[in-house]
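Have a look at work_28.txt; it's compact mmCIF, C-alpha atoms:
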# COMPACT_ATOMS: atom_id res chain seq x y z
CA MET A 1123 6.44 8.50 31.20
CA ASN A 1124 8.07 10.24 28.23
CA ARG A 1125 6.06 12.60 26.07
CA PRO A 1126 4.46 10.72 23.20
CA VAL A 1127 4.95 11.23 19.50
CA LEU A 1128 1.66 11.89 17.74
CA ILE A 1129 1.15 9.96 14.49
CA THR A 1130 -1.73 11.22 12.37
CA GLY A 1131 -3.11 8.53 10.10
CA GLY A 1132 -1.45 6.26 12.62
CA ALA A 1133 -3.72 3.25 12.15
CA GLY A 1134 -2.43 2.73 8.60
CA SER A 1135 0.44 0.42 7.73
CA VAL A 1136 3.27 2.99 7.96
CA GLY A 1137 1.76 4.48 11.12
CA ARG A 1138 1.69 1.08 12.76
CA GLN A 1139 5.25 0.41 11.68
CA LEU A 1140 6.36 3.69 13.22
CA ALA A 1141 4.42 3.01 16.40
CA GLY A 1142 6.25 -0.30 16.70
CA MET A 1143 9.61 1.41 16.23
CA PHE A 1144 8.95 3.94 19.00
CA LEU A 1145 7.58 1.32 21.38
CA GLU A 1146 10.66 -0.82 20.82
CA GLU A 1147 12.76 2.14 21.92
CA GLY A 1148 10.65 2.47 25.07
CA LYS A 1149 8.90 5.58 23.80
CA SER A 1150 5.16 6.20 23.80
CA VAL A 1151 2.93 7.12 20.88
CA LYS A 1152 -0.41 8.74 20.34
CA ILE A 1153 -2.28 7.34 17.36
CA PHE A 1154 -4.72 9.76 15.74
CA ASP A 1155 -7.01 8.38 13.08
CA LEU A 1156 -10.61 8.29 11.90
CA PRO A 1157 -13.02 6.50 14.24
CA PHE A 1158 -13.95 3.82 11.69
CA MET A 1159 -10.35 2.68 11.24
CA ASP A 1160 -9.19 -0.65 12.62
CA PHE A 1161 -7.22 -0.02 15.80
CA THR A 1162 -6.63 -3.69 16.54
CA GLY A 1163 -3.18 -4.20 18.01
CA LEU A 1164 -2.97 -0.55 19.06
CA GLU A 1165 -5.87 0.02 21.40
CA GLY A 1166 -5.09 -1.01 24.94
CA GLU A 1167 -1.39 -1.60 24.24
CA GLU A 1168 1.09 -0.25 26.76
CA GLY A 1169 2.63 2.99 25.54
CA VAL A 1170 -0.12 3.61 22.98
CA GLU A 1171 -2.86 6.17 23.31
CA VAL A 1172 -5.52 5.98 20.63
CA VAL A 1173 -7.31 9.20 19.69
CA LYS A 1174 -10.26 8.73 17.35
CA GLY A 1175 -10.91 11.91 15.46
CA ASP A 1176 -10.70 13.80 12.21
CA ILE A 1177 -7.87 16.19 11.32
CA THR A 1178 -10.41 18.52 9.75
CA ASP A 1179 -11.82 19.11 13.24
CA ALA A 1180 -9.58 21.79 14.75
CA ALA A 1181 -10.76 21.19 18.31
CA SER A 1182 -9.96 17.49 18.35
CA VAL A 1183 -6.59 18.14 16.66
CA SER A 1184 -5.72 20.83 19.20
CA SER A 1185 -6.50 18.44 22.02
CA ALA A 1186 -4.48 15.62 20.41
CA VAL A 1187 -1.30 17.67 19.92
CA ALA A 1188 -1.21 18.94 23.50
CA GLY A 1189 2.13 18.15 25.12
CA VAL A 1190 3.46 15.80 22.45
CA ALA A 1191 7.19 15.44 21.76
CA GLY A 1192 6.68 15.56 18.01
CA VAL A 1193 4.12 15.04 15.28
CA LEU A 1194 4.43 12.71 12.32
CA HIS A 1195 1.72 13.95 10.02
CA LEU A 1196 0.85 11.07 7.71
CA ALA A 1197 -2.92 11.54 7.38
CA ALA A 1198 -3.83 12.54 3.84
CA ILE A 1199 -6.03 11.69 0.90
CA LEU A 1200 -3.73 9.88 -1.51
CA PRO A 1201 -3.94 9.22 -5.25
CA PRO A 1202 -6.08 8.03 -6.93
CA ASN A 1203 -8.77 9.11 -4.43
CA SER A 1204 -7.23 12.57 -4.16
CA GLU A 1205 -8.11 13.24 -7.80
CA LYS A 1206 -11.82 12.53 -7.42
CA ASP A 1207 -12.87 15.47 -5.25
CA ARG A 1208 -10.55 18.48 -5.12
CA ASP A 1209 -12.45 20.24 -2.34
CA PHE A 1210 -12.38 17.20 -0.10
CA THR A 1211 -8.69 16.56 -0.82
CA PHE A 1212 -7.87 20.16 0.11
CA LYS A 1213 -10.05 19.97 3.22
CA VAL A 1214 -8.07 17.01 4.52
CA ASN A 1215 -4.59 17.63 3.10
CA VAL A 1216 -4.46 21.42 3.49
CA ASP A 1217 -6.99 22.46 6.15
CA GLY A 1218 -6.07 19.41 8.23
CA THR A 1219 -2.40 20.39 8.07
CA ARG A 1220 -3.29 23.94 9.10
CA ASN A 1221 -5.19 22.59 12.12
CA ILE A 1222 -2.15 20.61 13.22
CA ALA A 1223 0.28 23.50 12.80
CA GLN A 1224 -2.02 25.91 14.62
CA GLY A 1225 -2.65 23.45 17.44
CA MET A 1226 1.08 22.87 17.88
CA LYS A 1227 1.86 26.58 18.11
CA THR A 1228 0.04 26.87 21.39
CA ARG A 1229 -0.07 23.33 22.74
CA ALA A 1230 3.25 21.81 21.68
CA PRO A 1231 5.50 24.75 20.77
CA GLU A 1232 8.76 22.85 21.30
CA ALA A 1233 7.75 19.84 19.19
CA SER A 1234 8.73 19.18 15.57
CA LEU A 1235 6.12 18.69 12.88
CA VAL A 1236 7.24 16.18 10.25
CA PHE A 1237 5.13 16.83 7.18
CA THR A 1238 4.89 14.10 4.58
CA SER A 1239 5.00 15.82 1.23
CA SER A 1240 5.76 14.28 -2.11
CA ILE A 1241 8.20 14.38 -4.97
CA SER A 1242 5.10 14.70 -7.14
CA THR A 1243 5.20 18.40 -6.24
CA TYR A 1244 8.02 18.83 -8.79
CA GLY A 1245 5.71 17.84 -11.64
CA ASP A 1246 7.18 16.54 -14.88
CA THR A 1247 10.98 16.90 -14.74
CA SER A 1248 11.74 14.25 -17.33
CA GLY A 1249 13.21 16.70 -19.83
CA GLU A 1250 15.80 18.00 -17.38
CA GLU A 1251 19.18 16.87 -16.17
CA PRO A 1252 18.90 14.67 -13.06
CA PRO A 1253 18.98 14.59 -10.11
CA VAL A 1254 16.09 16.79 -8.94
CA THR A 1255 17.20 18.96 -6.04
CA ILE A 1256 14.99 20.36 -3.29
CA ASP A 1257 15.29 23.89 -4.66
CA HIS A 1258 13.77 22.78 -7.96
CA GLN A 1259 10.67 24.77 -8.80
CA GLN A 1260 7.45 23.00 -7.83
CA GLY A 1261 4.68 22.51 -10.38
CA ALA A 1262 1.74 20.28 -9.67
CA ILE A 1263 0.27 18.11 -12.38
CA ASP A 1264 -2.43 16.64 -10.17
CA VAL A 1265 -4.66 17.62 -7.25
CA TYR A 1266 -2.60 15.62 -4.76
CA ALA A 1267 0.61 17.52 -5.58
CA GLU A 1268 -1.27 20.80 -5.55
CA SER A 1269 -2.55 20.02 -2.06
CA LYS A 1270 0.92 19.04 -0.85
CA ILE A 1271 2.45 22.28 -2.17
CA ALA A 1272 -0.23 24.21 -0.26
CA GLY A 1273 0.43 22.06 2.81
CA GLU A 1274 4.16 22.82 2.66
CA GLU A 1275 3.46 26.55 2.49
CA ILE A 1276 1.26 26.35 5.57
CA VAL A 1277 3.86 24.39 7.51
CA ILE A 1278 6.72 26.73 6.56
CA SER A 1279 4.80 29.90 7.39
CA SER A 1280 3.26 28.51 10.60
CA GLY A 1281 6.20 29.25 12.85
CA VAL A 1282 6.40 25.69 14.21
CA ASN A 1283 9.54 23.57 14.09
CA TYR A 1284 9.10 21.67 10.88
CA VAL A 1285 10.73 19.01 8.74
CA ILE A 1286 9.32 18.46 5.26
CA LEU A 1287 9.88 15.13 3.57
CA ARG A 1288 9.17 14.98 -0.16
CA ILE A 1289 8.77 11.24 -0.45
CA ALA A 1290 9.25 9.28 -3.68
CA SER A 1291 6.98 6.47 -4.88
CA ILE A 1292 7.00 3.75 -2.25
CA ALA A 1293 7.79 0.12 -3.09
CA VAL A 1294 5.94 -2.21 -0.74
CA PRO A 1295 7.33 -5.74 -0.40
CA ALA A 1296 4.01 -7.53 -0.84
CA PHE A 1297 1.96 -9.19 -3.55
CA LEU A 1298 -0.05 -6.26 -4.88
CA GLU A 1299 -1.94 -5.58 -8.08
CA PRO A 1300 0.16 -3.36 -10.36
CA PRO A 1301 -1.20 0.11 -11.08
CA GLU A 1302 -2.82 0.66 -14.44
CA PRO A 1303 -1.32 2.66 -15.89
CA TRP A 1304 2.05 2.76 -14.17
CA PRO A 1305 2.60 6.40 -13.14
CA PHE A 1306 5.48 6.89 -15.60
CA THR A 1307 6.45 6.22 -19.19
CA ALA A 1308 8.64 3.24 -20.09
CA ASP A 1309 11.76 5.32 -20.66
CA GLN A 1310 11.26 7.74 -17.77
CA ARG A 1311 13.74 7.87 -14.89
CA VAL A 1312 12.31 6.29 -11.74
CA GLU A 1313 13.74 6.21 -8.22
CA MET A 1314 11.42 4.57 -5.73
CA ILE A 1315 12.05 3.81 -2.08
CA HIS A 1316 11.48 0.79 0.13
CA ARG A 1317 8.56 1.24 2.54
CA ASP A 1318 10.78 0.48 5.54
CA ASP A 1319 13.28 3.16 4.50
CA VAL A 1320 10.42 5.67 4.49
CA ALA A 1321 9.60 4.60 8.04
CA ASP A 1322 13.25 5.05 9.03
CA ALA A 1323 13.31 8.55 7.51
CA LEU A 1324 10.15 9.54 9.35
CA ARG A 1325 11.37 8.06 12.60
CA ASN A 1326 14.70 9.83 12.42
CA ALA A 1327 13.22 13.16 11.30
CA VAL A 1328 11.01 13.66 14.32
CA ASP A 1329 13.79 14.18 16.85
CA SER A 1330 16.67 15.35 14.66
CA GLU A 1331 17.67 18.88 15.62
CA GLU A 1332 19.70 19.19 12.44
CA ALA A 1333 16.63 18.41 10.33
CA VAL A 1334 14.50 21.21 11.75
CA GLY A 1335 13.59 23.85 9.20
CA LYS A 1336 14.73 21.70 6.29
CA VAL A 1337 13.07 20.22 3.24
CA PHE A 1338 14.35 16.82 2.11
CA ASN A 1339 13.94 14.55 -0.88
CA ILE A 1340 13.36 11.04 0.41
CA ALA A 1341 14.15 8.39 -2.20
CA GLY A 1342 15.85 5.03 -2.35
CA GLY A 1343 19.35 6.04 -3.42
CA SER A 1344 21.59 4.99 -6.29
CA SER A 1345 20.58 1.31 -6.43
CA TRP A 1346 16.95 2.36 -7.01
CA ARG A 1347 17.76 4.53 -10.01
CA LEU A 1348 16.14 2.73 -12.92
CA SER A 1349 14.04 3.39 -15.98
CA GLY A 1350 10.32 2.79 -15.73
CA LYS A 1351 10.71 -0.15 -18.12
CA ASP A 1352 13.45 -1.76 -16.00
CA TYR A 1353 11.33 -1.56 -12.85
CA VAL A 1354 8.18 -2.88 -14.49
CA GLU A 1355 9.97 -5.70 -16.33
CA ASP A 1356 11.57 -6.83 -13.07
CA PHE A 1357 8.18 -6.74 -11.36
CA PHE A 1358 6.48 -8.85 -14.03
CA SER A 1359 9.43 -11.22 -14.21
CA VAL A 1360 9.28 -11.91 -10.47
CA MET A 1361 5.51 -12.42 -10.69
CA GLY A 1362 5.87 -14.71 -13.70
CA ALA A 1363 3.33 -12.58 -15.53
CA PRO A 1364 3.52 -11.51 -19.19
CA VAL A 1365 5.18 -8.09 -19.33
CA ASP A 1366 3.13 -7.08 -22.37
CA MET A 1367 0.25 -6.61 -19.93
CA ALA A 1368 1.97 -3.57 -18.46
CA VAL A 1369 0.35 -0.26 -19.28
CA TYR A 1370 2.50 2.88 -19.00
CA ARG A 1371 1.50 6.51 -18.94
CA GLU A 1372 1.46 8.05 -22.40
CA THR A 1373 3.06 11.29 -21.18
CA PRO A 1374 5.73 11.55 -18.47
CA GLY A 1375 4.53 11.56 -14.87
CA TRP A 1376 6.30 12.97 -11.84
CA ASN A 1377 8.96 10.32 -11.29
CA ASP A 1378 12.67 11.06 -11.64
CA TRP A 1379 16.00 10.58 -9.87
CA TYR A 1380 16.50 12.71 -6.78
CA ASP A 1381 19.29 14.41 -4.89
CA THR A 1382 19.18 12.71 -1.48
CA GLU A 1383 22.70 13.42 -0.29
CA GLU A 1384 21.66 15.74 2.54
CA SER A 1385 18.63 13.71 3.61
CA GLN A 1386 20.73 10.57 3.81
CA ARG A 1387 23.49 12.35 5.73
CA ILE A 1388 21.08 13.67 8.34
CA LEU A 1389 18.36 11.02 8.47
CA ARG A 1390 20.33 7.84 7.61
CA TYR A 1391 17.40 5.98 6.15
CA GLN A 1392 18.65 4.40 2.90
CA ASN A 1393 19.10 0.98 4.43
CA ARG A 1394 17.48 -1.29 1.85
CA SER A 1395 18.78 -1.51 -1.70
CA TYR A 1396 16.75 -2.31 -4.78
CA GLY A 1397 18.44 -5.72 -4.83
CA TYR A 1398 17.24 -6.34 -1.27
CA TYR A 1399 13.69 -5.40 -2.28
CA SER A 1400 13.84 -7.67 -5.36
CA GLY A 1401 15.01 -10.51 -3.13
CA GLN A 1402 12.10 -9.94 -0.77
CA MET A 1403 9.65 -10.01 -3.69
CA LYS A 1404 11.15 -13.24 -5.01
CA ALA A 1405 10.87 -14.81 -1.56
CA ILE A 1406 7.21 -13.78 -1.30
CA VAL A 1407 6.43 -15.36 -4.67
CA GLU A 1408 8.39 -18.52 -3.80
CA GLU A 1409 6.46 -18.84 -0.55
CA MET A 1410 3.16 -18.52 -2.40
CA MET A 1411 4.30 -21.11 -4.95
CA ALA A 1412 5.28 -23.53 -2.21
CA GLU A 1413 1.95 -23.46 -0.40
CA MET B 458 3.31 -25.10 -22.42
CA PRO B 459 1.99 -25.38 -18.85
CA GLN B 460 -1.47 -24.03 -18.17
CA SER B 461 -1.78 -20.58 -16.62
CA GLY B 462 -3.69 -19.90 -13.43
CA GLN B 463 -6.39 -18.21 -15.47
CA GLU B 464 -6.83 -21.23 -17.75
CA MET B 465 -7.07 -23.57 -14.78
CA LEU B 466 -9.55 -21.27 -13.07
CA GLU B 467 -11.70 -21.32 -16.21
CA GLU B 468 -11.52 -25.12 -16.33
CA SER B 469 -12.56 -25.23 -12.67
CA ILE B 470 -15.55 -23.02 -13.47
CA GLY B 471 -16.48 -25.32 -16.36
CA SER B 472 -16.28 -28.42 -14.16
CA CYS B 473 -18.31 -26.79 -11.40
CA ARG B 474 -21.01 -25.87 -13.95
CA ARG B 475 -21.19 -29.48 -15.15
CA ILE B 476 -21.37 -30.73 -11.56
CA ALA B 477 -24.10 -28.26 -10.57
CA ASP B 478 -26.13 -29.07 -13.68
CA GLY B 479 -28.88 -31.44 -12.64
CA LEU B 480 -27.59 -31.85 -9.09
CA GLY B 481 -30.64 -30.21 -7.52
CA PRO B 482 -32.58 -33.38 -6.76
CA GLN B 483 -29.60 -34.78 -4.84
CA ASN B 484 -29.03 -31.88 -2.54
CA ALA B 485 -30.02 -28.23 -3.01
CA ALA B 486 -27.31 -27.08 -0.59
CA TRP B 487 -24.62 -28.68 -2.78
CA THR B 488 -25.93 -26.80 -5.79
CA THR B 489 -25.96 -23.55 -3.83
CA SER B 490 -22.32 -24.04 -2.82
CA LEU B 491 -21.24 -24.81 -6.38
CA VAL B 492 -23.11 -21.83 -7.83
CA GLU B 493 -21.46 -19.65 -5.22
CA ILE B 494 -18.02 -20.93 -6.21
CA ILE B 495 -18.78 -20.34 -9.89
CA GLU B 496 -19.97 -16.79 -9.21
CA LYS B 497 -16.95 -15.89 -7.08
CA PHE B 498 -14.50 -17.41 -9.54
CA GLU B 499 -16.09 -15.48 -12.40
CA GLU B 500 -15.94 -12.30 -10.36
CA ILE B 501 -12.20 -12.58 -9.75
CA SER B 502 -11.13 -14.25 -12.99
CA ASP B 503 -9.80 -11.04 -14.56
CA THR B 504 -7.60 -10.04 -11.65
CA PHE B 505 -3.84 -9.78 -12.03
CA PHE B 506 -3.27 -12.66 -9.64
CA PHE B 507 -4.41 -15.27 -12.19
CA LYS B 508 -1.86 -14.04 -14.69
CA THR B 509 0.99 -14.70 -12.27
CA MET B 510 2.93 -17.77 -11.26
CA PRO B 511 1.72 -17.75 -7.63
CA SER B 512 -1.80 -18.44 -8.90
CA VAL B 513 -0.73 -21.75 -10.46
CA PRO B 514 -0.56 -24.01 -7.37
CA VAL B 515 -3.90 -22.97 -5.91
CA THR B 516 -5.80 -23.00 -9.19
CA ARG B 517 -4.27 -26.37 -10.11
CA THR B 518 -5.54 -27.81 -6.82
CA ALA B 519 -9.00 -26.32 -7.37
CA MET B 520 -9.11 -27.62 -10.96
CA ARG B 521 -8.12 -31.16 -9.95
CA GLU B 522 -10.63 -31.23 -7.12
CA ALA B 523 -13.38 -30.01 -9.43
CA GLU B 524 -12.46 -32.78 -11.90
CA SER B 525 -12.59 -35.40 -9.12
CA LEU B 526 -15.92 -34.04 -7.95
CA LEU B 527 -17.31 -34.27 -11.48
CA ALA B 528 -16.16 -37.89 -11.71
CA LEU B 529 -17.86 -38.71 -8.39
CA LYS B 530 -21.07 -37.12 -9.63
CA ASN B 531 -20.93 -39.16 -12.83
CA GLU B 532 -20.37 -42.34 -10.77
CA GLY B 533 -23.20 -41.42 -8.40
CA ASP B 534 -20.92 -41.91 -5.40
CA TRP B 535 -22.74 -39.37 -3.24
CA LYS B 536 -21.14 -40.34 0.06
CA THR B 537 -17.65 -39.58 -1.22
CA PHE B 538 -19.02 -36.61 -3.18
CA GLU B 539 -20.11 -34.87 0.00
CA ILE B 540 -16.63 -35.14 1.52
CA ALA B 541 -14.97 -34.06 -1.74
CA LEU B 542 -17.28 -31.05 -2.00
CA ASP B 543 -16.14 -29.83 1.42
CA THR B 544 -12.53 -30.11 0.23
CA MET B 545 -13.43 -28.26 -2.97
CA ILE B 546 -15.06 -25.42 -0.98
CA SER B 547 -11.94 -25.11 1.13
CA SER B 548 -9.71 -24.96 -1.96
CA ALA B 549 -12.00 -22.42 -3.60
CA GLN B 550 -11.78 -20.30 -0.46
CA ASP B 551 -8.00 -20.45 -0.71
CA VAL B 552 -8.10 -19.31 -4.35
CA ILE B 553 -10.38 -16.39 -3.48
CA GLU B 554 -8.26 -15.29 -0.54
CA LYS B 555 -5.02 -15.48 -2.50
CA ALA B 556 -6.58 -13.42 -5.27
CA GLY B 557 -7.00 -10.64 -2.74
CA MET B 558 -10.61 -11.06 -1.76
CA LYS B 559 -10.05 -11.77 1.90
CA GLY B 560 -13.18 -11.66 3.95
CA THR B 561 -15.33 -13.59 1.50
CA THR B 562 -16.74 -16.68 3.16
CA LEU B 563 -18.12 -19.54 1.14
CA THR B 564 -20.95 -21.53 2.63

Would you give me this structure, written as structure tokens?
Amino acid sequence: MNRPVLITGGAGSVGRQLAGMFLEEGKSVKIFDLPFMDFTGLEGEEGVEVVKGDITDAASVSSAVAGVAGVLHLAAILPPNSEKDRDFTFKVNVDGTRNIAQGMKTRAPEASLVFTSSISTYGDTSGEEPPVTIDHQQGAIDVYAESKIAGEEIVISSGVNYVILRIASIAVPAFLEPPEPWPFTADQRVEMIHRDDVADALRNAVDSEEAVGKVFNIAGGSSWRLSGKDYVEDFFSVMGAPVDMAVYRETPGWNDWYDTEESQRILRYQNRSYGYYSGQMKAIVEEMMAE
Amino acid sequence: MPQSGQEMLEESIGSCRRIADGLGPQNAAWTTSLVEIIEKFEEISDTFFFKTMPSVPVTRTAMREAESLLALKNEGDWKTFEIALDTMISSAQDVIEKAGMKGTTLT
């Protein structure tokens, strides 16, 4: 049997998607997630090993990383929960990352650690000339970004083979409540990315030799480059909801347009255009209308 | 202008209130079910879903069934009422699930 890829936070939607991708290729996965998560469809499946644990527990992390082919580190406290308790967010997002890197140094020294960071680490770049490149200075404007900057530093200095993905806001093709407020102003540049393209980037990063030691911006590409207003108006139009309901941030957030030339060249993940996503959303609404 | 999902949900709540009012002597369980529907509908009435087009078909169905149920109550046709109430509960369940409250079970 081939060595498995460990997916932390693997019981979530992206983790499951990745697990499915590896299994389809005949590869095995190890799903690491909190014991109270729903492991239905994973537990007992051929090629899937479920490890119930907490990334803040160094011993269980060290045991989980032993002998894996690579680690996709997705587990994290995300906004808005990340903003409620800074200590807890750092415990999970920073100390948890340290546990993984340290465990890998001794128990999976050949493996690559793919760390899911965020474009939010650039802070407010709205007053600058786009696109934002990976060497742009980082400047957190929230706890989440602060924790991801600290996580990146740990990963880079750990000595493990790493790939850092600074992922843009993710567009999920599903009927979801809109955020309030939207995390950008109406006239701010916004470049999101389709959820499945994020999965492709993660999948391709874990065994790409060329990606090792690199930091990448992961965003949707040229078709996703919009203004906040364009994106939100499209969303409300598809939903048939009055756009005057939309509430934007009063000051610019951390969205922008990103330089993804290198990430796309190496990881080949920009496979779904904004038009494709819009079509999916329209189809979802039409299906709901037809029922 | 066609009615929005929210308007039809509010009409459904109004009809359910009129049905439940004074229904106790007929069947306490019916009243309990209707009160439960009213409470759930009120709980979810401000969600984004009811401001969207996909809410229209399900809320229209619930509104029409509530209107039919009210007519049956006014006619005193309790045999048909019982069957129609089951249909109304099922439609209400659909509304609640579509509004994103999966896992709520109406009795």

Quick one: residues within 12 Å of segment 1147-1160 of chain A, all atoms listed in the file, excluding same-chain residues fewer than 4 positions away - as a PyMOL selection string? chain A and resi 1123-1143+1164-1179+1182-1198+1214+1222+1325

Residues of chain A no more than 10 Å from chain B, counting all atoms listed in the file: send them over as a compact mmCIF listing (two decimals) with C-alpha atoms, in the coordinates of the input.
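For reference, selection_26.txt as written:
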# COMPACT_ATOMS: atom_id res chain seq x y z
CA PHE A 1297 1.96 -9.19 -3.55
CA LEU A 1298 -0.05 -6.26 -4.88
CA GLU A 1299 -1.94 -5.58 -8.08
CA PRO A 1300 0.16 -3.36 -10.36
CA PHE A 1358 6.48 -8.85 -14.03
CA SER A 1359 9.43 -11.22 -14.21
CA VAL A 1360 9.28 -11.91 -10.47
CA MET A 1361 5.51 -12.42 -10.69
CA GLY A 1362 5.87 -14.71 -13.70
CA ALA A 1363 3.33 -12.58 -15.53
CA PRO A 1364 3.52 -11.51 -19.19
CA MET A 1367 0.25 -6.61 -19.93
CA ILE A 1406 7.21 -13.78 -1.30
CA VAL A 1407 6.43 -15.36 -4.67
CA GLU A 1408 8.39 -18.52 -3.80
CA GLU A 1409 6.46 -18.84 -0.55
CA MET A 1410 3.16 -18.52 -2.40
CA MET A 1411 4.30 -21.11 -4.95
CA ALA A 1412 5.28 -23.53 -2.21
CA GLU A 1413 1.95 -23.46 -0.40

Measuring atom to atom with all atoms listed in the file, identify which of B:Glu539, B:Asp534, B:Glu522, B:Asp478 is nearest to Met465 of chain B. B:Glu522

Padding 4 Å on each side, edges along x, y and z: where is the centre of the box around the listed atoms of segment 490-494 of chain B, and how long are its edges in Å to one decimal? Output it as JSON.
{"center_x": -20.6, "center_y": -22.2, "center_z": -5.3, "size_x": 13.1, "size_y": 13.2, "size_z": 13.0}

Quick one: distance from atom CA of Thr1247 of chain A to atom CA of Ala1272 of chain A in Å, one decimal?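 Going from atom CA of Thr1247 of chain A over to atom CA of Ala1272 of chain A covers 19.7 Å.
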
Excluding Asp1381 of chain A and any residue of its chain fewer than 2 positions from it, enumerate the residues within 9 Å of it, using all atoms listed in the file, and give them as a VMD selection string. chain A and resid 1252 to 1256 1338 to 1341 1343 1379 1383 to 1385

How many Å lie between atom CA of Thr518 of chain B and atom CA of Leu466 of chain B, rounded to one decimal?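 Here the two named atoms are 9.9 Å from each other.
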
Between atom CA of Leu1235 of chain A and atom CA of Asp1217 of chain A, distance in Å (one decimal):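 Between atom CA of Leu1235 of chain A and atom CA of Asp1217 of chain A the gap works out to 15.2 Å.
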
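Residues with any atom within 9 Å of segment 1314-1316 of chain A, counting all atoms listed in the file and excluding same-chain neighbours fewer than 3 positions away, are A:Ile1289, A:Ala1290, A:Ser1291, A:Ile1292, A:Ala1293, A:Val1294, A:Pro1295, A:Asp1319, A:Val1320, A:Ala1321, A:Ile1340, A:Ala1341, A:Gly1342, A:Gly1343, A:Trp1346, A:Arg1347, A:Leu1348, A:Asn1377, A:Asp1378, A:Trp1379, A:Gln1392, A:Asn1393, A:Arg1394, A:Ser1395, A:Tyr1396, A:Tyr1399.
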
For each of A:Val1328, A:Ala1308, A:Ser1279, A:Gly1375, take the minimum atom-to-atom distance to Thr1243 of chain A, counting all atoms listed in the file, then give the residue where this is smallest.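 Closest candidate: A:Gly1375.
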
Ser472 of chain B surroundings by only C-alpha atoms, 9 Å radius, close-in-sequence under 6 positions cut, as JSON, numbers by chain: {"B": [520, 523, 524, 526, 527]}

Using all atoms listed in the file, can you tell me which of A:Ala1296, A:Ala1181, A:Met1226, A:Gly1281 comes closest to Ala1405 of chain A?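 Of all the options, A:Ala1296 lies closest to Ala1405 of chain A.
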
All residues 9 Å or closer to Ile494 of chain B, only C-alpha atoms, same chain fewer than 3 positions away omitted, as a PyMOL selection string: chain B and resi 470+473+489-491+497-499+546+549-550+563

Leu1200 of chain A proximity check over A:Ser1344, A:Thr1307, A:Asn1215, A:Gln1260, using only C-alpha atoms: winner is A:Asn1215

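For the choices B:Ser502, B:Ser548, B:Gln463, B:Asn531, the atom-to-atom distance to Ile476 of chain B is smallest for B:Asn531 when using all atoms listed in the file.
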
Slice of the block: segment 1315-1328 of chain A, N, CA and C atoms, as a PDB file, in the first residue's frame:
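What landed in decode.pdb:
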ATOM      1  N   ILE A1315     -11.916  32.669  -5.664  1.00  0.00           N
ATOM      2  CA  ILE A1315     -11.529  31.430  -6.334  1.00  0.00           C
ATOM      3  C   ILE A1315     -12.585  30.374  -6.067  1.00  0.00           C
ATOM      4  N   HIS A1316     -12.837  29.564  -7.087  1.00  0.00           N
ATOM      5  CA  HIS A1316     -13.812  28.473  -6.958  1.00  0.00           C
ATOM      6  C   HIS A1316     -13.281  27.441  -5.972  1.00  0.00           C
ATOM      7  N   ARG A1317     -14.152  26.930  -5.124  1.00  0.00           N
ATOM      8  CA  ARG A1317     -13.756  25.925  -4.123  1.00  0.00           C
ATOM      9  C   ARG A1317     -13.008  24.740  -4.748  1.00  0.00           C
ATOM     10  N   ASP A1318     -13.459  24.294  -5.902  1.00  0.00           N
ATOM     11  CA  ASP A1318     -12.824  23.121  -6.517  1.00  0.00           C
ATOM     12  C   ASP A1318     -11.425  23.434  -7.050  1.00  0.00           C
ATOM     13  N   ASP A1319     -11.195  24.701  -7.414  1.00  0.00           N
ATOM     14  CA  ASP A1319      -9.845  25.090  -7.837  1.00  0.00           C
ATOM     15  C   ASP A1319      -8.893  25.101  -6.635  1.00  0.00           C
ATOM     16  N   VAL A1320      -9.425  25.462  -5.475  1.00  0.00           N
ATOM     17  CA  VAL A1320      -8.603  25.397  -4.254  1.00  0.00           C
ATOM     18  C   VAL A1320      -8.202  23.944  -4.002  1.00  0.00           C
ATOM     19  N   ALA A1321      -9.147  23.043  -4.151  1.00  0.00           N
ATOM     20  CA  ALA A1321      -8.854  21.616  -3.949  1.00  0.00           C
ATOM     21  C   ALA A1321      -7.791  21.148  -4.948  1.00  0.00           C
ATOM     22  N   ASP A1322      -7.906  21.598  -6.187  1.00  0.00           N
ATOM     23  CA  ASP A1322      -6.899  21.221  -7.196  1.00  0.00           C
ATOM     24  C   ASP A1322      -5.508  21.743  -6.812  1.00  0.00           C
ATOM     25  N   ALA A1323      -5.462  22.988  -6.321  1.00  0.00           N
ATOM     26  CA  ALA A1323      -4.167  23.570  -5.939  1.00  0.00           C
ATOM     27  C   ALA A1323      -3.547  22.777  -4.792  1.00  0.00           C
ATOM     28  N   LEU A1324      -4.367  22.452  -3.814  1.00  0.00           N
ATOM     29  CA  LEU A1324      -3.872  21.679  -2.663  1.00  0.00           C
ATOM     30  C   LEU A1324      -3.391  20.301  -3.112  1.00  0.00           C
ATOM     31  N   ARG A1325      -4.214  19.677  -3.924  1.00  0.00           N
ATOM     32  CA  ARG A1325      -3.867  18.332  -4.404  1.00  0.00           C
ATOM     33  C   ARG A1325      -2.521  18.341  -5.130  1.00  0.00           C
ATOM     34  N   ASN A1326      -2.370  19.310  -6.017  1.00  0.00           N
ATOM     35  CA  ASN A1326      -1.167  19.343  -6.848  1.00  0.00           C
ATOM     36  C   ASN A1326       0.066  19.820  -6.077  1.00  0.00           C
ATOM     37  N   ALA A1327      -0.161  20.561  -4.991  1.00  0.00           N
ATOM     38  CA  ALA A1327       0.976  21.090  -4.224  1.00  0.00           C
ATOM     39  C   ALA A1327       1.686  20.004  -3.426  1.00  0.00           C
ATOM     40  N   VAL A1328       0.938  18.993  -3.010  1.00  0.00           N
ATOM     41  CA  VAL A1328       1.502  18.050  -2.042  1.00  0.00           C
ATOM     42  C   VAL A1328       2.590  17.158  -2.627  1.00  0.00           C
TER      43      VAL A1328
END
